[in-house]
file final11.cif (mmCIF, C-alpha atoms)
data_run
loop_
_atom_site.label_atom_id
_atom_site.label_comp_id
_atom_site.auth_asym_id
_atom_site.auth_seq_id
_atom_site.Cartn_x
_atom_site.Cartn_y
_atom_site.Cartn_z
CA MET A 1 44.55 13.29 61.50
CA PRO A 2 43.79 11.49 58.24
CA ALA A 3 46.54 11.57 55.63
CA ARG A 4 46.47 14.63 53.40
CA ARG A 5 46.08 13.78 49.73
CA LEU A 6 48.57 15.08 47.18
CA LEU A 7 48.46 14.64 43.40
CA ILE A 8 51.68 14.98 41.40
CA LEU A 9 51.33 15.32 37.64
CA GLY A 10 54.52 13.50 36.74
CA GLY A 11 56.44 11.68 34.07
CA THR A 12 59.72 13.50 34.75
CA ALA A 13 62.79 12.67 36.82
CA GLU A 14 62.02 15.63 39.06
CA ALA A 15 58.51 14.32 39.72
CA SER A 16 59.91 10.99 40.86
CA ALA A 17 62.52 12.71 43.03
CA LEU A 18 59.79 14.88 44.52
CA ALA A 19 57.63 11.86 45.38
CA GLY A 20 60.57 10.24 47.14
CA ALA A 21 61.45 13.42 49.03
CA LEU A 22 57.87 13.91 50.22
CA ILE A 23 57.52 10.33 51.40
CA ASP A 24 60.85 10.62 53.21
CA ARG A 25 59.75 13.77 55.03
CA HIS A 26 56.10 13.04 55.75
CA GLY A 27 55.69 9.27 55.52
CA GLU A 28 52.15 8.13 56.27
CA ALA A 29 50.98 11.70 56.91
CA ILE A 30 50.41 12.03 53.15
CA ASP A 31 48.55 9.92 50.63
CA LEU A 32 50.53 10.61 47.48
CA VAL A 33 49.38 9.83 43.94
CA SER A 34 51.66 10.27 40.90
CA SER A 35 49.81 10.59 37.61
CA PHE A 36 51.30 9.56 34.26
CA ALA A 37 49.86 10.20 30.81
CA GLY A 38 50.48 6.57 29.89
CA ARG A 39 52.83 7.17 26.96
CA VAL A 40 55.83 5.33 28.46
CA GLU A 41 55.29 1.60 28.73
CA ARG A 42 58.36 0.67 30.78
CA LEU A 43 57.50 2.94 33.65
CA LYS A 44 59.89 3.51 36.57
CA PRO A 45 57.35 3.85 39.39
CA PRO A 46 58.02 6.47 42.06
CA PRO A 47 57.03 5.98 45.72
CA GLY A 48 53.33 6.21 46.52
CA ARG A 49 50.33 5.30 44.42
CA ILE A 50 50.28 5.44 40.61
CA ARG A 51 47.60 6.65 38.23
CA ILE A 52 47.97 6.19 34.46
CA GLY A 53 45.87 7.94 31.82
CA GLY A 54 44.40 11.33 30.97
CA PHE A 55 41.76 13.25 32.88
CA GLY A 56 39.65 14.64 30.07
CA GLY A 57 40.78 18.25 30.10
CA SER A 58 40.58 20.79 32.89
CA GLU A 59 37.00 19.93 33.83
CA GLY A 60 37.88 16.24 34.01
CA LEU A 61 40.83 17.01 36.24
CA ALA A 62 38.66 19.18 38.47
CA ALA A 63 36.15 16.32 38.79
CA TYR A 64 38.97 13.94 39.76
CA LEU A 65 40.34 16.36 42.35
CA ARG A 66 36.91 16.66 43.93
CA ALA A 67 36.08 12.96 43.79
CA GLU A 68 39.43 11.92 45.28
CA ARG A 69 39.40 14.76 47.83
CA ILE A 70 42.84 15.95 46.71
CA ASP A 71 44.26 18.62 49.03
CA LEU A 72 47.25 19.80 46.96
CA LEU A 73 48.30 19.58 43.31
CA VAL A 74 51.88 19.77 41.99
CA ASP A 75 52.40 20.08 38.24
CA ALA A 76 55.78 18.44 37.59
CA THR A 77 55.15 17.56 33.95
CA HIS A 78 57.66 18.09 31.14
CA PRO A 79 58.38 21.76 30.31
CA PHE A 80 56.83 21.24 26.86
CA ALA A 81 53.59 19.70 28.20
CA ALA A 82 51.90 23.08 27.82
CA GLN A 83 48.35 21.77 27.47
CA MET A 84 48.63 19.62 30.57
CA SER A 85 49.99 22.56 32.57
CA ARG A 86 47.13 24.72 31.36
CA ASN A 87 44.65 22.02 32.37
CA ALA A 88 46.35 21.79 35.76
CA ARG A 89 45.93 25.49 36.41
CA GLU A 90 42.34 25.60 35.23
CA GLY A 91 41.33 22.33 36.89
CA ALA A 92 42.86 23.29 40.23
CA ALA A 93 41.07 26.64 40.12
CA LEU A 94 37.73 24.97 39.36
CA ALA A 95 38.17 22.54 42.25
CA GLY A 96 39.61 25.10 44.65
CA VAL A 97 42.81 23.09 45.15
CA PRO A 98 46.16 24.88 45.75
CA ARG A 99 48.56 24.27 42.83
CA LEU A 100 52.29 24.65 42.34
CA GLN A 101 54.13 24.35 39.01
CA PHE A 102 57.62 22.91 39.08
CA TRP A 103 59.56 25.01 36.57
CA ARG A 104 62.73 23.25 35.52
CA ARG A 105 65.66 25.65 35.52
CA PRO A 106 66.46 26.76 31.91
CA TRP A 107 69.81 26.07 30.30
CA PRO A 108 72.07 29.12 30.26
CA ARG A 109 73.39 30.05 26.84
CA HIS A 110 77.17 29.89 26.74
CA PRO A 111 79.01 32.41 24.50
CA LEU A 112 80.32 29.50 22.40
CA ASP A 113 76.92 27.87 21.89
CA ARG A 114 75.72 28.01 18.27
CA TRP A 115 72.00 28.00 18.97
CA ILE A 116 69.43 28.73 16.29
CA GLU A 117 66.32 29.41 18.35
CA VAL A 118 62.94 28.63 16.80
CA ASP A 119 59.32 28.30 17.85
CA GLY A 120 57.96 24.82 17.30
CA ILE A 121 58.80 21.55 15.54
CA GLU A 122 57.84 22.74 12.05
CA ALA A 123 60.22 25.69 12.31
CA ALA A 124 62.98 23.39 13.56
CA ALA A 125 62.58 21.15 10.52
CA GLN A 126 62.67 24.12 8.14
CA ALA A 127 65.84 25.42 9.80
CA LEU A 128 67.64 22.23 8.71
CA ILE A 129 67.37 23.23 5.07
CA HIS A 130 70.35 25.54 5.56
CA LEU A 131 72.32 23.27 7.91
CA GLY A 132 74.06 19.90 7.94
CA LYS A 133 73.19 16.49 6.53
CA ARG A 134 73.70 14.24 9.58
CA VAL A 135 71.29 15.37 12.24
CA TRP A 136 70.86 14.23 15.82
CA LEU A 137 67.17 14.62 16.68
CA THR A 138 66.40 14.80 20.40
CA VAL A 139 62.64 15.36 20.23
CA GLY A 140 59.68 13.11 20.96
CA ALA A 141 58.66 10.14 18.84
CA SER A 142 55.38 11.86 17.94
CA GLU A 143 57.22 14.90 16.54
CA LEU A 144 59.37 13.32 13.84
CA ALA A 145 57.10 13.64 10.79
CA PRO A 146 58.03 17.24 9.82
CA PHE A 147 61.68 16.21 9.43
CA ALA A 148 60.81 13.63 6.78
CA ALA A 149 60.03 16.48 4.37
CA ILE A 150 63.62 17.77 4.47
CA PRO A 151 65.45 16.00 1.62
CA ASP A 152 68.84 14.31 1.74
CA ARG A 153 69.15 14.03 5.53
CA TRP A 154 70.18 11.19 7.82
CA TYR A 155 68.90 11.24 11.39
CA LEU A 156 70.08 9.82 14.69
CA VAL A 157 67.03 9.49 16.96
CA ARG A 158 67.33 8.76 20.68
CA LEU A 159 64.17 7.74 22.51
CA ILE A 160 63.28 6.15 25.83
CA GLU A 161 61.22 3.65 23.88
CA ALA A 162 61.71 3.19 20.16
CA LYS A 163 58.62 2.50 18.10
CA THR A 164 59.19 1.47 14.51
CA PRO A 165 58.68 2.17 11.72
CA MET A 166 59.32 5.87 12.01
CA PRO A 167 58.24 8.53 9.50
CA LEU A 168 61.82 9.27 8.40
CA PRO A 169 63.47 8.18 5.15
CA ASP A 170 66.92 7.44 6.58
CA TYR A 171 67.65 7.08 10.27
CA THR A 172 69.18 5.12 13.12
CA VAL A 173 67.34 4.86 16.42
CA ILE A 174 68.81 4.15 19.82
CA GLU A 175 67.02 3.55 23.10
CA ALA A 176 68.33 5.23 26.24
CA ARG A 177 67.09 6.95 29.36
CA GLY A 178 68.90 9.87 31.00
CA PRO A 179 70.71 11.24 32.80
CA PHE A 180 73.51 11.15 30.22
CA GLN A 181 77.23 11.69 30.72
CA ILE A 182 79.19 13.98 28.45
CA GLU A 183 81.60 11.26 27.30
CA ASN A 184 78.68 9.24 25.98
CA GLU A 185 77.43 12.27 24.05
CA ARG A 186 80.88 12.97 22.61
CA THR A 187 81.10 9.36 21.45
CA LEU A 188 77.72 9.52 19.72
CA ILE A 189 78.68 12.71 17.89
CA ARG A 190 82.00 11.25 16.71
CA HIS A 191 80.75 7.77 15.87
CA HIS A 192 77.77 8.98 13.83
CA ARG A 193 79.59 11.98 12.34
CA ILE A 194 76.87 14.35 13.56
CA ASP A 195 77.05 17.85 12.10
CA THR A 196 73.77 19.31 13.46
CA MET A 197 71.61 18.81 16.54
CA VAL A 198 67.93 19.52 17.14
CA SER A 199 66.87 19.92 20.76
CA LYS A 200 64.04 21.23 22.86
CA ALA A 201 65.08 23.83 25.44
CA SER A 202 63.96 21.49 28.20
CA GLY A 203 66.41 22.65 30.83
CA GLY A 204 67.58 20.68 33.85
CA GLY A 205 70.64 18.51 34.27
CA ALA A 206 69.61 15.11 32.91
CA THR A 207 70.24 15.92 29.22
CA TYR A 208 72.48 18.99 29.41
CA ALA A 209 75.54 16.90 28.50
CA LYS A 210 74.43 16.80 24.85
CA ILE A 211 74.45 20.61 24.77
CA GLU A 212 77.96 20.68 26.24
CA ALA A 213 79.15 18.06 23.74
CA ALA A 214 77.64 20.02 20.83
CA ARG A 215 79.44 23.14 22.05
CA GLU A 216 82.76 21.28 22.21
CA ALA A 217 82.24 19.97 18.68
CA ASP A 218 81.21 23.43 17.41
CA LEU A 219 77.87 22.09 16.16
CA PRO A 220 74.88 24.26 15.33
CA VAL A 221 71.95 23.40 17.60
CA VAL A 222 68.41 24.11 16.43
CA MET A 223 66.89 24.98 19.81
CA ILE A 224 63.11 24.88 20.17
CA ARG A 225 61.98 27.48 22.68
CA ARG A 226 59.92 26.19 25.58
CA PRO A 227 56.42 27.45 26.32
CA LEU A 228 55.99 30.12 28.97
CA PRO A 229 55.00 28.93 32.44
CA GLU A 230 51.41 29.11 33.56
CA PRO A 231 50.47 31.97 35.93
CA GLY A 232 50.61 31.11 39.61
CA ASP A 233 53.07 29.73 42.15
CA ARG A 234 56.25 28.19 40.75
CA ALA A 235 59.40 26.57 42.12
CA GLU A 236 62.67 25.65 40.38
CA GLU A 237 64.06 23.18 42.93
CA VAL A 238 62.64 19.93 44.29
CA SER A 239 63.49 21.11 47.81
CA ALA A 240 61.41 24.26 47.27
CA VAL A 241 58.43 22.15 46.18
CA VAL A 242 58.79 20.00 49.30
CA ASP A 243 58.82 23.15 51.43
CA TRP A 244 55.70 24.48 49.66
CA VAL A 245 53.84 21.23 50.29
CA SER A 246 55.05 21.01 53.89
CA ALA A 247 53.87 24.54 54.66
CA ARG A 248 50.34 23.57 53.56
CA LEU A 249 50.11 20.33 55.48
#
call {"tool": "encode", "arguments": {"input": "final11.cif", "output": "structure tokens"}}
result
Amino acid sequence: MPARRLLILGGTAEASALAGALIDRHGEAIDLVSSFAGRVERLKPPPGRIRIGGFGGSEGLAAYLRAERIDLLVDATHPFAAQMSRNAREGAALAGVPRLQFWRRPWPRHPLDRWIEVDGIEAAAQALIHLGKRVWLTVGASELAPFAAIPDRWYLVRLIEAKTPMPLPDYTVIEARGPFQIENERTLIRHHRIDTMVSKASGGGATYAKIEAAREADLPVVMIRRPLPEPGDRAEEVSAVVDWVSARL
């Protein structure tokens, strides 16, 4: 039989782990393509073929699925990539391709966590008005501008790739890629005298150490709620995604 074609919408650690697990299980029985939006320049390529760039919305994705004769689609994008997940659902439906959304397991809220839950980046910035002066921002590089409007704040910004200048009046930027260990996060909080954190509720294990370190330091965390999942099949473990794919091969 010819290899079955599988498209993974990736850019996350779980997407790379999934590509490796599928290649390990099925080898040449699958023709696997991992798609990246193209925002990260120093890409860590997963096993299989790579595609970089957008599709042009749900109709563009549907056209790609048809043209490339894709048999299965797995949406393993970031939990906050809501538009891409919506396009994945709509595009797969238009092309008649089975789709599964990987839904990263949410972080449980510990009784000692001091979370201030908000909807969106603008609300997170406004929440800082009543909080500390030395803020650790753990959001994307394209989402920093609203924080510049909050006066008398210093920001620590951690990004996979730092692009300067940034739209902040007073900041320090560090480059790092997870997963992160809790001792590293404790050190950052102490060294930079952090008194407030801003985080997306991304879930998963790669960046949970910062939440644990904030809890230990009794820091308020402005937590941006994640979008709801798209309707349809979902899985919370890489192994469950592999099983879903295997059952359809």
call {"tool": "closest_residue", "arguments": {"input": "final11.cif", "among": "A:Ile224, A:Leu219, A:Ala81, A:Ile52", "to": "Gly132 of chain A", "atoms": "only C-alpha atoms"}}
result
A:Leu219
call {"tool": "resolve_selection", "arguments": {"input": "final11.cif", "expression": "the PyMOL selection byres ((chain A and resi 61-70) around 6)", "output": "short mmCIF file (atom, residue, chain, number, x, y, z; two decimals) with C-alpha atoms, in the coordinates of the input"}}
result
data_model
loop_
_atom_site.label_atom_id
_atom_site.label_comp_id
_atom_site.auth_asym_id
_atom_site.auth_seq_id
_atom_site.Cartn_x
_atom_site.Cartn_y
_atom_site.Cartn_z
CA ARG A 5 46.08 13.78 49.73
CA LEU A 6 48.57 15.08 47.18
CA PHE A 55 41.76 13.25 32.88
CA SER A 58 40.58 20.79 32.89
CA GLU A 59 37.00 19.93 33.83
CA GLY A 60 37.88 16.24 34.01
CA ASP A 71 44.26 18.62 49.03
CA LEU A 72 47.25 19.80 46.96
CA GLY A 91 41.33 22.33 36.89
CA LEU A 94 37.73 24.97 39.36
CA ALA A 95 38.17 22.54 42.25
#
call {"tool": "resolve_selection", "arguments": {"input": "final11.cif", "expression": "the PyMOL selection byres ((chain A and resi 30-36) around 10)", "output": "JSON, numbers by chain"}}
result
{"A": [2, 3, 4, 5, 6, 7, 8, 9, 10, 11, 12, 15, 16, 19, 22, 23, 25, 26, 27, 28, 29, 37, 38, 39, 40, 43, 45, 46, 47, 48, 49, 50, 51, 52, 53, 54, 55, 70, 71, 72, 73, 74, 75, 76, 77, 249]}
call {"tool": "resolve_selection", "arguments": {"input": "final11.cif", "expression": "the PyMOL selection byres ((chain A and resi 242) around 10)", "output": "PyMOL selection string"}}
result
chain A and resi 18-19+21-23+25-26+235+237-241+243-247
call {"tool": "write_last_selection", "arguments": {"input": "final11.cif", "atoms": "C-alpha atoms", "output": "PDB file, keeping the file's coordinate frame"}}
result
ATOM      1  CA  LEU A  18      59.790  14.880  44.520  1.00  0.00           C
ATOM      2  CA  ALA A  19      57.630  11.860  45.380  1.00  0.00           C
ATOM      3  CA  ALA A  21      61.450  13.420  49.030  1.00  0.00           C
ATOM      4  CA  LEU A  22      57.870  13.910  50.220  1.00  0.00           C
ATOM      5  CA  ILE A  23      57.520  10.330  51.400  1.00  0.00           C
ATOM      6  CA  ARG A  25      59.750  13.770  55.030  1.00  0.00           C
ATOM      7  CA  HIS A  26      56.100  13.040  55.750  1.00  0.00           C
ATOM      8  CA  ALA A 235      59.400  26.570  42.120  1.00  0.00           C
ATOM      9  CA  GLU A 237      64.060  23.180  42.930  1.00  0.00           C
ATOM     10  CA  VAL A 238      62.640  19.930  44.290  1.00  0.00           C
ATOM     11  CA  SER A 239      63.490  21.110  47.810  1.00  0.00           C
ATOM     12  CA  ALA A 240      61.410  24.260  47.270  1.00  0.00           C
ATOM     13  CA  VAL A 241      58.430  22.150  46.180  1.00  0.00           C
ATOM     14  CA  ASP A 243      58.820  23.150  51.430  1.00  0.00           C
ATOM     15  CA  TRP A 244      55.700  24.480  49.660  1.00  0.00           C
ATOM     16  CA  VAL A 245      53.840  21.230  50.290  1.00  0.00           C
ATOM     17  CA  SER A 246      55.050  21.010  53.890  1.00  0.00           C
ATOM     18  CA  ALA A 247      53.870  24.540  54.660  1.00  0.00           C
TER      19      ALA A 247
END
call {"tool": "residues_around", "arguments": {"input": "final11.cif", "residues": "Ala127 of chain A", "least_positions_apart": "5", "cutoff": "10 Å", "atoms": "only C-alpha atoms", "output": "list in words"}}
result
Ile116, Glu117, Val118, Ile121, Glu122, Ile150, Val198 and Val222 of chain A
call {"tool": "write_last_selection", "arguments": {"input": "final11.cif", "atoms": "C-alpha atoms", "output": "mmCIF file, keeping the file's coordinate frame"}}
result
data_model
loop_
_atom_site.group_PDB
_atom_site.id
_atom_site.type_symbol
_atom_site.label_atom_id
_atom_site.label_comp_id
_atom_site.auth_asym_id
_atom_site.auth_seq_id
_atom_site.Cartn_x
_atom_site.Cartn_y
_atom_site.Cartn_z
ATOM 1 C CA ILE A 116 69.430 28.730 16.290
ATOM 2 C CA GLU A 117 66.320 29.410 18.350
ATOM 3 C CA VAL A 118 62.940 28.630 16.800
ATOM 4 C CA ILE A 121 58.800 21.550 15.540
ATOM 5 C CA GLU A 122 57.840 22.740 12.050
ATOM 6 C CA ILE A 150 63.620 17.770 4.470
ATOM 7 C CA VAL A 198 67.930 19.520 17.140
ATOM 8 C CA VAL A 222 68.410 24.110 16.430
#
call {"tool": "atom_distance", "arguments": {"input": "final11.cif", "atom1": "atom CA of Phe147 of chain A", "atom2": "atom CA of Ile189 of chain A"}}
result
19.3 Å
call {"tool": "residues_around", "arguments": {"input": "final11.cif", "residues": "Asp195 of chain A", "least_positions_apart": "5", "cutoff": "12 Å", "atoms": "only C-alpha atoms", "output": "list in words"}}
result
Arg114, Leu128, Leu131, Gly132, Lys133, Arg134, Val135, Trp136, Leu137, Arg153, Trp154, Tyr155, Leu156, Leu188, Ile189, Arg190, Ala213, Ala214, Arg215, Ala217, Asp218, Leu219, Pro220, Val221 and Val222 of chain A
call {"tool": "closest_residue", "arguments": {"input": "final11.cif", "among": "A:Leu100, A:Gly120, A:Gly20, A:Pro179", "to": "Glu143 of chain A", "atoms": "all atoms listed in the file"}}
result
A:Gly120
call {"tool": "atom_distance", "arguments": {"input": "final11.cif", "atom1": "atom CA of Arg186 of chain A", "atom2": "atom CA of Asp152 of chain A"}}
result
24.1 Å
call {"tool": "atom_distance", "arguments": {"input": "final11.cif", "atom1": "atom CA of Arg158 of chain A", "atom2": "atom CA of Trp115 of chain A"}}
result
19.9 Å
call {"tool": "closest_residue", "arguments": {"input": "final11.cif", "among": "A:Thr207, A:Arg104, A:Gly57, A:Asp24", "to": "Asn87 of chain A", "atoms": "all atoms listed in the file"}}
result
A:Gly57
